[in-house]
Amino acid sequence: MDILSVLRSRLEIVDDCVTSKQLVDRLVARGPLEESLHLTELDTLVKRHYQWLKHLPRIRPFYAIKSNDEPSLVETTILLGCGYDCASTGELKRILGFRVDPERIMFGQPAKTIESLEFAKKMKLRTVFDSEDELRKIHRYYPEAKVVIRFRLETVEDPMRLGIKFGCEVDLEARELLDLAKELGIDVIGWCFNLGHSCINPENFYTGIKKGRELTDYAESLGFKFNLIDLGGGFSGDKDVSIDRYAEQINRGLDEFFPAELGYTIVAEPGRYYSAAAVTAVVPIHGKRMIRNKENPKEIENVFYFFNDGIYGTFYSARYRGKGVKPIVWKSQSEWGPVRKTTFYGPSCDGIDFFAKDIDMPELGVSDFVVFENQGAYSRVHSCRFNGFCPPKPVTFVRKSVWELLEETSEGDATRIVMDSKYLLENDNFEKLAFE
């Protein structure tokens, strides 16, 4: 079947007037299940794409599939005409299996296996390097490759400092690597950096573009002809964060250092930006334990709640990526108990399987539901069947007008169709959930 038909089989189309709250109510009405549920709204991803095209018109989004590879999300990005940032042979084969043009793929792994490099050669894919050893490996196994040099930015304020692991030093080391690439006869066609998820200071993008200009000038002095710029990731996808905060600094940097008339191809690798707000976790309480003061048993010091979801499911990022949860109690405030110190545990037997500790929460009961927005990025992709528990189950919806738009994109110019959409023009906001 074609992509549109496959996608249709995965979802339910609902009227435009159906709210996210009503969809949560539908899932809660199913009652507590063995697995947690991921309410997935494709409308949110499409709206994110519309906002990207509107505010960053010069930059083609290459979706970072590692953030969420759930089939309905990936298939939607294909219909929208996105490119892809892939870091493994598995990701490459999956995207190529959709017959995506290799020009829409960046093999962004700076430390590739030899087998994956040979696969990239077979498929004629662009790739990256950030070290002498990687450059020599490319020279040996894929000498005709078109490659991009990855440099790092020192951004101590950002929660995910990818420069610790990847990226060469931008001044001396980057120039030495370009010297070596020239000596080896490798075709370096551009540069990239990656700020990691949820960049706190958008001015870092401006700084990166400025450094890229300096590196471009040096490369041109060696005879290289750069034509590709990759701004990487770092774009928050939470509902309350607008792309405006990044667009201002990025557009300023591009206009100043790489004006449109120079003809550079410019891409970026948003992952969390596209996937985070598209998923809401709907999670029931399966167990409860009151922790009492040893000297005064009537005093409750903490309440432990046990969910059917934890760090081996949705909440890896809450535990290890600094993405603290913002729980929404899904019951009337008149039914809440007193506010107490609270800890959220997952279902496994692992003692570190908790994703919130000592937070203030109203006392709840077994079978009550708690809802968590912005859980689409780096959540289900981390899940496993540790202890035999089920990964979160996606339940996917799309509004009728958005589905009709996707039908159009399957047969025409996706960018033009999205930008001309009257529905998206009038409905590009995101519903903030609350129980009423």
# chains A, B, ... in the order shown; residues from 1 in each chain; ligands from 1
call {"tool": "residues_around", "arguments": {"residues": "range 386-401 of chain A", "least_positions_apart": "3", "cutoff": "8 Å", "atoms": "only C-alpha atoms", "output": "PyMOL selection string"}}
result
chain A and resi 10-16+18+34-43+72+309+312-314+347-349+380+383+404-405+423
call {"tool": "write_last_selection", "arguments": {"atoms": "N, CA, C and O atoms", "output": "CSV table (one decimal), in the first residue's frame"}}
result
chain,number,residue,atom,x,y,z
A,10,ARG,N,-3.7,3.4,10.7
A,10,ARG,CA,-3.2,3.5,12.0
A,10,ARG,C,-3.9,4.5,12.9
A,10,ARG,O,-3.6,4.7,14.1
A,11,LEU,N,-4.9,5.2,12.3
A,11,LEU,CA,-5.4,6.4,13.1
A,11,LEU,C,-6.9,6.4,13.0
A,11,LEU,O,-7.6,5.7,12.1
A,12,GLU,N,-7.5,7.3,13.8
A,12,GLU,CA,-8.9,7.7,13.7
A,12,GLU,C,-9.0,9.1,13.3
A,12,GLU,O,-8.4,10.0,13.9
A,13,ILE,N,-9.9,9.4,12.3
A,13,ILE,CA,-10.1,10.8,11.9
A,13,ILE,C,-11.3,11.3,12.7
A,13,ILE,O,-12.4,10.7,12.8
A,14,VAL,N,-11.1,12.5,13.3
A,14,VAL,CA,-12.2,13.1,14.2
A,14,VAL,C,-12.5,14.5,13.6
A,14,VAL,O,-11.7,15.1,12.9
A,15,ASP,N,-13.7,15.0,14.0
A,15,ASP,CA,-14.1,16.3,13.5
A,15,ASP,C,-13.2,17.4,14.0
A,15,ASP,O,-12.5,17.2,15.1
A,16,ASP,N,-13.1,18.5,13.3
A,16,ASP,CA,-12.2,19.6,13.7
A,16,ASP,C,-12.6,20.1,15.1
A,16,ASP,O,-11.7,20.7,15.8
A,18,VAL,N,-13.4,18.5,17.8
A,18,VAL,CA,-13.0,17.7,18.9
A,18,VAL,C,-11.8,18.2,19.6
A,18,VAL,O,-10.8,18.4,18.9
A,34,GLU,N,-3.3,-2.5,31.3
A,34,GLU,CA,-1.9,-3.0,31.6
A,34,GLU,C,-0.8,-2.0,31.1
A,34,GLU,O,0.2,-1.8,31.8
A,35,GLU,N,-1.1,-1.4,29.9
A,35,GLU,CA,-0.1,-0.5,29.4
A,35,GLU,C,-0.6,0.9,29.5
A,35,GLU,O,-1.8,1.2,29.5
A,36,SER,N,0.4,1.9,29.6
A,36,SER,CA,0.0,3.3,29.5
A,36,SER,C,-0.4,3.6,28.1
A,36,SER,O,0.0,2.9,27.1
A,37,LEU,N,-1.1,4.7,27.9
A,37,LEU,CA,-1.5,5.1,26.6
A,37,LEU,C,-0.9,6.5,26.2
A,37,LEU,O,-0.7,7.4,27.0
A,38,HIS,N,-0.4,6.5,24.9
A,38,HIS,CA,0.1,7.7,24.3
A,38,HIS,C,-0.9,8.3,23.4
A,38,HIS,O,-1.1,7.8,22.3
A,39,LEU,N,-1.6,9.4,23.8
A,39,LEU,CA,-2.5,10.1,22.9
A,39,LEU,C,-1.7,10.8,21.9
A,39,LEU,O,-0.9,11.7,22.3
A,40,THR,N,-1.8,10.4,20.7
A,40,THR,CA,-0.9,11.0,19.6
A,40,THR,C,-1.8,11.8,18.7
A,40,THR,O,-2.7,11.2,18.0
A,41,GLU,N,-1.5,13.1,18.5
A,41,GLU,CA,-2.3,14.0,17.7
A,41,GLU,C,-1.4,14.5,16.5
A,41,GLU,O,-0.6,15.3,16.7
A,42,LEU,N,-1.7,13.9,15.4
A,42,LEU,CA,-0.9,14.3,14.2
A,42,LEU,C,-1.1,15.8,13.8
A,42,LEU,O,-0.2,16.4,13.2
A,43,ASP,N,-2.2,16.4,14.2
A,43,ASP,CA,-2.4,17.8,14.0
A,43,ASP,C,-1.3,18.6,14.5
A,43,ASP,O,-0.9,19.6,13.9
A,72,SER,N,3.3,6.4,12.6
A,72,SER,CA,2.4,7.4,12.2
A,72,SER,C,3.1,8.8,12.1
A,72,SER,O,2.8,9.6,11.2
A,309,ASP,N,3.8,3.0,34.1
A,309,ASP,CA,4.7,3.6,33.2
A,309,ASP,C,5.8,4.2,34.0
A,309,ASP,O,5.5,4.8,35.1
A,312,TYR,N,11.5,3.1,32.1
A,312,TYR,CA,11.6,2.1,31.1
A,312,TYR,C,10.5,2.2,30.0
A,312,TYR,O,10.4,1.3,29.1
A,313,GLY,N,9.7,3.2,30.2
A,313,GLY,CA,8.6,3.5,29.2
A,313,GLY,C,8.7,4.9,28.7
A,313,GLY,O,9.6,5.3,28.0
A,314,THR,N,7.8,5.8,29.2
A,314,THR,CA,7.7,7.2,28.8
A,314,THR,C,8.8,8.1,29.4
A,314,THR,O,9.3,9.0,28.8
A,347,PRO,N,6.5,0.8,37.2
A,347,PRO,CA,6.0,-0.5,37.7
A,347,PRO,C,7.1,-1.5,37.9
A,347,PRO,O,6.8,-2.6,38.5
A,348,SER,N,8.3,-1.3,37.5
A,348,SER,CA,9.3,-2.3,37.6
A,348,SER,C,9.8,-2.5,39.0
A,348,SER,O,9.6,-1.8,39.9
A,349,CYS,N,10.6,-3.6,39.1
A,349,CYS,CA,11.2,-3.9,40.4
A,349,CYS,C,12.5,-3.2,40.7
A,349,CYS,O,13.2,-3.4,41.7
A,380,ARG,N,9.0,7.0,24.2
A,380,ARG,CA,8.8,5.7,23.8
A,380,ARG,C,10.0,5.0,23.1
A,380,ARG,O,10.1,3.8,23.1
A,383,SER,N,11.8,3.0,25.4
A,383,SER,CA,11.1,2.0,26.2
A,383,SER,C,11.6,0.6,25.9
A,383,SER,O,12.1,0.3,24.8
A,404,GLU,N,-7.4,15.9,5.3
A,404,GLU,CA,-7.6,16.3,3.9
A,404,GLU,C,-6.4,17.0,3.4
A,404,GLU,O,-6.0,16.8,2.2
A,405,LEU,N,-5.7,17.8,4.2
A,405,LEU,CA,-4.4,18.4,3.8
A,405,LEU,C,-3.4,17.4,3.5
A,405,LEU,O,-2.6,17.5,2.5
A,423,TYR,N,-6.9,26.5,7.0
A,423,TYR,CA,-7.1,25.9,8.3
A,423,TYR,C,-5.9,26.1,9.2
A,423,TYR,O,-6.1,26.5,10.4
call {"tool": "select_by_dssp", "arguments": {"residues": "range 107-213 of chain A", "states": "strand (DSSP E)", "output": "count of residues only"}}
result
16
call {"tool": "residues_around", "arguments": {"residues": "Glu169 in chain A", "least_positions_apart": "4", "cutoff": "12 Å", "atoms": "only C-alpha atoms", "output": "list of chain:residue names"}}
result
A:Asp130, A:Ser131, A:Ile149, A:Arg150, A:Phe151, A:Arg152, A:Leu153, A:Glu154, A:Gly163, A:Ile164, A:Lys165, A:Glu173, A:Ala174, A:Arg175, A:Glu176, A:Leu177, A:Phe193, A:Lys211, A:Leu215
call {"tool": "residues_around", "arguments": {"residues": "Ile359 in chain A", "least_positions_apart": "2", "cutoff": "12 Å", "atoms": "only C-alpha atoms", "output": "VMD selection string"}}
result
chain A and resid 301 to 305 324 to 327 339 to 344 355 to 357 361 to 363
call {"tool": "closest_residue", "arguments": {"among": "A:Ile209, A:Lys182, A:His382, A:Lys66", "to": "His139 in chain A", "atoms": "only C-alpha atoms"}}
result
A:Lys182
call {"tool": "residues_around", "arguments": {"residues": "range 248-252 of chain A", "least_positions_apart": "4", "cutoff": "12 Å", "atoms": "only C-alpha atoms", "output": "count of residues only"}}
result
31
call {"tool": "residues_around", "arguments": {"residues": "Leu96 in chain A", "least_positions_apart": "2", "cutoff": "12 Å", "atoms": "only C-alpha atoms", "output": "PDB file with N, CA, C and O atoms, in the first residue's frame"}}
result
ATOM      1  N   ILE A  78       6.981  12.276   6.119  1.00  0.00           N
ATOM      2  CA  ILE A  78       7.257  11.952   4.714  1.00  0.00           C
ATOM      3  C   ILE A  78       6.257  12.661   3.804  1.00  0.00           C
ATOM      4  O   ILE A  78       6.623  13.266   2.788  1.00  0.00           O
ATOM      5  N   GLY A  83      13.127  16.210   5.220  1.00  0.00           N
ATOM      6  CA  GLY A  83      14.318  15.396   5.092  1.00  0.00           C
ATOM      7  C   GLY A  83      14.536  14.662   6.396  1.00  0.00           C
ATOM      8  O   GLY A  83      13.746  14.782   7.345  1.00  0.00           O
ATOM      9  N   TYR A  84      15.672  13.921   6.492  1.00  0.00           N
ATOM     10  CA  TYR A  84      15.890  13.083   7.675  1.00  0.00           C
ATOM     11  C   TYR A  84      17.335  13.096   8.132  1.00  0.00           C
ATOM     12  O   TYR A  84      18.264  12.987   7.323  1.00  0.00           O
ATOM     13  N   ASP A  85      17.479  13.218   9.435  1.00  0.00           N
ATOM     14  CA  ASP A  85      18.760  13.042  10.109  1.00  0.00           C
ATOM     15  C   ASP A  85      18.789  11.624  10.650  1.00  0.00           C
ATOM     16  O   ASP A  85      17.979  11.267  11.511  1.00  0.00           O
ATOM     17  N   CYS A  86      19.703  10.804  10.143  1.00  0.00           N
ATOM     18  CA  CYS A  86      19.817   9.409  10.573  1.00  0.00           C
ATOM     19  C   CYS A  86      21.210   9.165  11.138  1.00  0.00           C
ATOM     20  O   CYS A  86      22.191   9.738  10.682  1.00  0.00           O
ATOM     21  N   THR A  89      22.579   2.476  10.581  1.00  0.00           N
ATOM     22  CA  THR A  89      22.143   1.761   9.388  1.00  0.00           C
ATOM     23  C   THR A  89      20.660   1.438   9.467  1.00  0.00           C
ATOM     24  O   THR A  89      19.937   1.501   8.463  1.00  0.00           O
ATOM     25  N   GLY A  90      20.191   1.107  10.668  1.00  0.00           N
ATOM     26  CA  GLY A  90      18.779   0.802  10.846  1.00  0.00           C
ATOM     27  C   GLY A  90      17.890   1.972  10.478  1.00  0.00           C
ATOM     28  O   GLY A  90      16.878   1.801   9.780  1.00  0.00           O
ATOM     29  N   GLU A  91      18.248   3.161  10.937  1.00  0.00           N
ATOM     30  CA  GLU A  91      17.458   4.345  10.600  1.00  0.00           C
ATOM     31  C   GLU A  91      17.535   4.646   9.104  1.00  0.00           C
ATOM     32  O   GLU A  91      16.526   4.994   8.472  1.00  0.00           O
ATOM     33  N   LEU A  92      18.717   4.501   8.531  1.00  0.00           N
ATOM     34  CA  LEU A  92      18.877   4.760   7.103  1.00  0.00           C
ATOM     35  C   LEU A  92      18.018   3.817   6.273  1.00  0.00           C
ATOM     36  O   LEU A  92      17.309   4.244   5.347  1.00  0.00           O
ATOM     37  N   LYS A  93      18.067   2.535   6.589  1.00  0.00           N
ATOM     38  CA  LYS A  93      17.304   1.554   5.812  1.00  0.00           C
ATOM     39  C   LYS A  93      15.802   1.810   5.938  1.00  0.00           C
ATOM     40  O   LYS A  93      15.057   1.622   4.966  1.00  0.00           O
ATOM     41  N   ARG A  94      15.387   2.221   7.121  1.00  0.00           N
ATOM     42  CA  ARG A  94      13.960   2.478   7.306  1.00  0.00           C
ATOM     43  C   ARG A  94      13.496   3.638   6.430  1.00  0.00           C
ATOM     44  O   ARG A  94      12.472   3.553   5.749  1.00  0.00           O
ATOM     45  N   PHE A  98      11.163   3.936   2.415  1.00  0.00           N
ATOM     46  CA  PHE A  98      10.036   4.759   1.971  1.00  0.00           C
ATOM     47  C   PHE A  98      10.342   5.454   0.640  1.00  0.00           C
ATOM     48  O   PHE A  98       9.594   6.317   0.199  1.00  0.00           O
ATOM     49  N   ARG A  99      11.464   5.084   0.050  1.00  0.00           N
ATOM     50  CA  ARG A  99      11.909   5.653  -1.228  1.00  0.00           C
ATOM     51  C   ARG A  99      12.196   7.149  -1.122  1.00  0.00           C
ATOM     52  O   ARG A  99      11.974   7.918  -2.069  1.00  0.00           O
ATOM     53  N   VAL A 100      12.699   7.540   0.028  1.00  0.00           N
ATOM     54  CA  VAL A 100      13.123   8.927   0.209  1.00  0.00           C
ATOM     55  C   VAL A 100      14.419   9.142  -0.574  1.00  0.00           C
ATOM     56  O   VAL A 100      15.349   8.327  -0.506  1.00  0.00           O
ATOM     57  N   ASP A 101      14.495  10.232  -1.306  1.00  0.00           N
ATOM     58  CA  ASP A 101      15.683  10.565  -2.086  1.00  0.00           C
ATOM     59  C   ASP A 101      16.882  10.728  -1.148  1.00  0.00           C
ATOM     60  O   ASP A 101      16.779  11.414  -0.124  1.00  0.00           O
ATOM     61  N   PRO A 102      18.023  10.114  -1.472  1.00  0.00           N
ATOM     62  CA  PRO A 102      19.225  10.283  -0.632  1.00  0.00           C
ATOM     63  C   PRO A 102      19.606  11.727  -0.378  1.00  0.00           C
ATOM     64  O   PRO A 102      20.241  12.041   0.634  1.00  0.00           O
ATOM     65  N   GLU A 103      19.221  12.636  -1.284  1.00  0.00           N
ATOM     66  CA  GLU A 103      19.499  14.060  -1.075  1.00  0.00           C
ATOM     67  C   GLU A 103      18.716  14.620   0.111  1.00  0.00           C
ATOM     68  O   GLU A 103      19.045  15.692   0.624  1.00  0.00           O
ATOM     69  N   ARG A 104      17.690  13.899   0.546  1.00  0.00           N
ATOM     70  CA  ARG A 104      16.897  14.325   1.701  1.00  0.00           C
ATOM     71  C   ARG A 104      17.348  13.631   2.982  1.00  0.00           C
ATOM     72  O   ARG A 104      16.636  13.647   3.982  1.00  0.00           O
ATOM     73  N   ILE A 105      18.535  13.038   2.952  1.00  0.00           N
ATOM     74  CA  ILE A 105      19.032  12.308   4.112  1.00  0.00           C
ATOM     75  C   ILE A 105      20.435  12.790   4.463  1.00  0.00           C
ATOM     76  O   ILE A 105      21.280  12.976   3.588  1.00  0.00           O
ATOM     77  N   MET A 106      20.663  13.006   5.760  1.00  0.00           N
ATOM     78  CA  MET A 106      22.008  13.269   6.255  1.00  0.00           C
ATOM     79  C   MET A 106      22.392  12.141   7.204  1.00  0.00           C
ATOM     80  O   MET A 106      21.686  11.900   8.192  1.00  0.00           O
ATOM     81  N   PHE A 107      23.476  11.434   6.887  1.00  0.00           N
ATOM     82  CA  PHE A 107      23.988  10.400   7.787  1.00  0.00           C
ATOM     83  C   PHE A 107      24.865  11.105   8.812  1.00  0.00           C
ATOM     84  O   PHE A 107      26.050  11.283   8.626  1.00  0.00           O
ATOM     85  N   PHE A 119      27.695   0.965   3.625  1.00  0.00           N
ATOM     86  CA  PHE A 119      26.300   1.108   3.205  1.00  0.00           C
ATOM     87  C   PHE A 119      26.050   2.527   2.683  1.00  0.00           C
ATOM     88  O   PHE A 119      25.368   2.714   1.671  1.00  0.00           O
ATOM     89  N   ALA A 120      26.598   3.517   3.372  1.00  0.00           N
ATOM     90  CA  ALA A 120      26.453   4.899   2.921  1.00  0.00           C
ATOM     91  C   ALA A 120      27.058   5.076   1.533  1.00  0.00           C
ATOM     92  O   ALA A 120      26.498   5.795   0.684  1.00  0.00           O
ATOM     93  N   MET A 123      24.705   3.679  -1.081  1.00  0.00           N
ATOM     94  CA  MET A 123      23.514   4.510  -1.294  1.00  0.00           C
ATOM     95  C   MET A 123      23.864   5.954  -1.663  1.00  0.00           C
ATOM     96  O   MET A 123      22.975   6.775  -1.860  1.00  0.00           O
ATOM     97  N   LYS A 124      25.164   6.275  -1.714  1.00  0.00           N
ATOM     98  CA  LYS A 124      25.644   7.611  -2.090  1.00  0.00           C
ATOM     99  C   LYS A 124      25.090   8.691  -1.162  1.00  0.00           C
ATOM    100  O   LYS A 124      24.548   9.723  -1.593  1.00  0.00           O
ATOM    101  N   LEU A 125      25.268   8.463   0.135  1.00  0.00           N
ATOM    102  CA  LEU A 125      24.763   9.376   1.149  1.00  0.00           C
ATOM    103  C   LEU A 125      25.844  10.344   1.624  1.00  0.00           C
ATOM    104  O   LEU A 125      27.024   9.983   1.712  1.00  0.00           O
TER     105      LEU A 125
END
call {"tool": "atom_distance", "arguments": {"atom1": "CA of Glu134 in chain A", "atom2": "CA of Asn194 in chain A"}}
result
17.9 Å
call {"tool": "atom_distance", "arguments": {"atom1": "CA of Arg213 in chain A", "atom2": "CA of Gly190 in chain A"}}
result
10.4 Å
call {"tool": "select_by_dssp", "arguments": {"residues": "range 28-97 of chain A", "states": "helix (DSSP H, G or I)", "output": "PyMOL selection string"}}
result
chain A and resi 28+42-55+65-67+71-79+89-96
call {"tool": "residues_around", "arguments": {"residues": "range 114-117 of chain A", "least_positions_apart": "2", "cutoff": "9 Å", "atoms": "only C-alpha atoms", "output": "JSON, numbers by chain"}}
result
{"A": [88, 89, 112, 119, 120, 121, 122, 127, 137, 138, 141, 142]}
call {"tool": "write_last_selection", "arguments": {"atoms": "N, CA and C atoms", "output": "PDB file, in the first residue's frame"}}
result
ATOM      1  N   SER A  88      22.209   5.709  12.167  1.00  0.00           N
ATOM      2  CA  SER A  88      22.524   4.278  12.171  1.00  0.00           C
ATOM      3  C   SER A  88      22.057   3.653  10.868  1.00  0.00           C
ATOM      4  N   THR A  89      22.579   2.476  10.581  1.00  0.00           N
ATOM      5  CA  THR A  89      22.143   1.761   9.388  1.00  0.00           C
ATOM      6  C   THR A  89      20.660   1.438   9.467  1.00  0.00           C
ATOM      7  N   LYS A 112      31.193   6.381  12.753  1.00  0.00           N
ATOM      8  CA  LYS A 112      30.480   5.325  12.039  1.00  0.00           C
ATOM      9  C   LYS A 112      31.202   3.992  12.093  1.00  0.00           C
ATOM     10  N   PHE A 119      27.695   0.965   3.625  1.00  0.00           N
ATOM     11  CA  PHE A 119      26.300   1.108   3.205  1.00  0.00           C
ATOM     12  C   PHE A 119      26.050   2.527   2.683  1.00  0.00           C
ATOM     13  N   ALA A 120      26.598   3.517   3.372  1.00  0.00           N
ATOM     14  CA  ALA A 120      26.453   4.899   2.921  1.00  0.00           C
ATOM     15  C   ALA A 120      27.058   5.076   1.533  1.00  0.00           C
ATOM     16  N   LYS A 121      28.175   4.412   1.288  1.00  0.00           N
ATOM     17  CA  LYS A 121      28.801   4.473  -0.040  1.00  0.00           C
ATOM     18  C   LYS A 121      27.881   3.878  -1.097  1.00  0.00           C
ATOM     19  N   LYS A 122      27.300   2.734  -0.777  1.00  0.00           N
ATOM     20  CA  LYS A 122      26.402   2.064  -1.725  1.00  0.00           C
ATOM     21  C   LYS A 122      25.218   2.957  -2.082  1.00  0.00           C
ATOM     22  N   THR A 127      27.695  12.416   4.638  1.00  0.00           N
ATOM     23  CA  THR A 127      27.932  12.094   6.042  1.00  0.00           C
ATOM     24  C   THR A 127      28.823  13.154   6.681  1.00  0.00           C
ATOM     25  N   LYS A 137      39.204   7.053   8.085  1.00  0.00           N
ATOM     26  CA  LYS A 137      38.296   5.921   7.833  1.00  0.00           C
ATOM     27  C   LYS A 137      37.468   6.182   6.576  1.00  0.00           C
ATOM     28  N   ILE A 138      36.944   7.398   6.461  1.00  0.00           N
ATOM     29  CA  ILE A 138      36.185   7.766   5.264  1.00  0.00           C
ATOM     30  C   ILE A 138      37.067   7.661   4.028  1.00  0.00           C
ATOM     31  N   TYR A 141      37.356   3.845   3.157  1.00  0.00           N
ATOM     32  CA  TYR A 141      36.187   3.045   2.793  1.00  0.00           C
ATOM     33  C   TYR A 141      35.159   3.779   1.919  1.00  0.00           C
ATOM     34  N   TYR A 142      35.244   5.103   1.852  1.00  0.00           N
ATOM     35  CA  TYR A 142      34.265   5.866   1.057  1.00  0.00           C
ATOM     36  C   TYR A 142      34.941   7.146   0.588  1.00  0.00           C
TER      37      TYR A 142
END
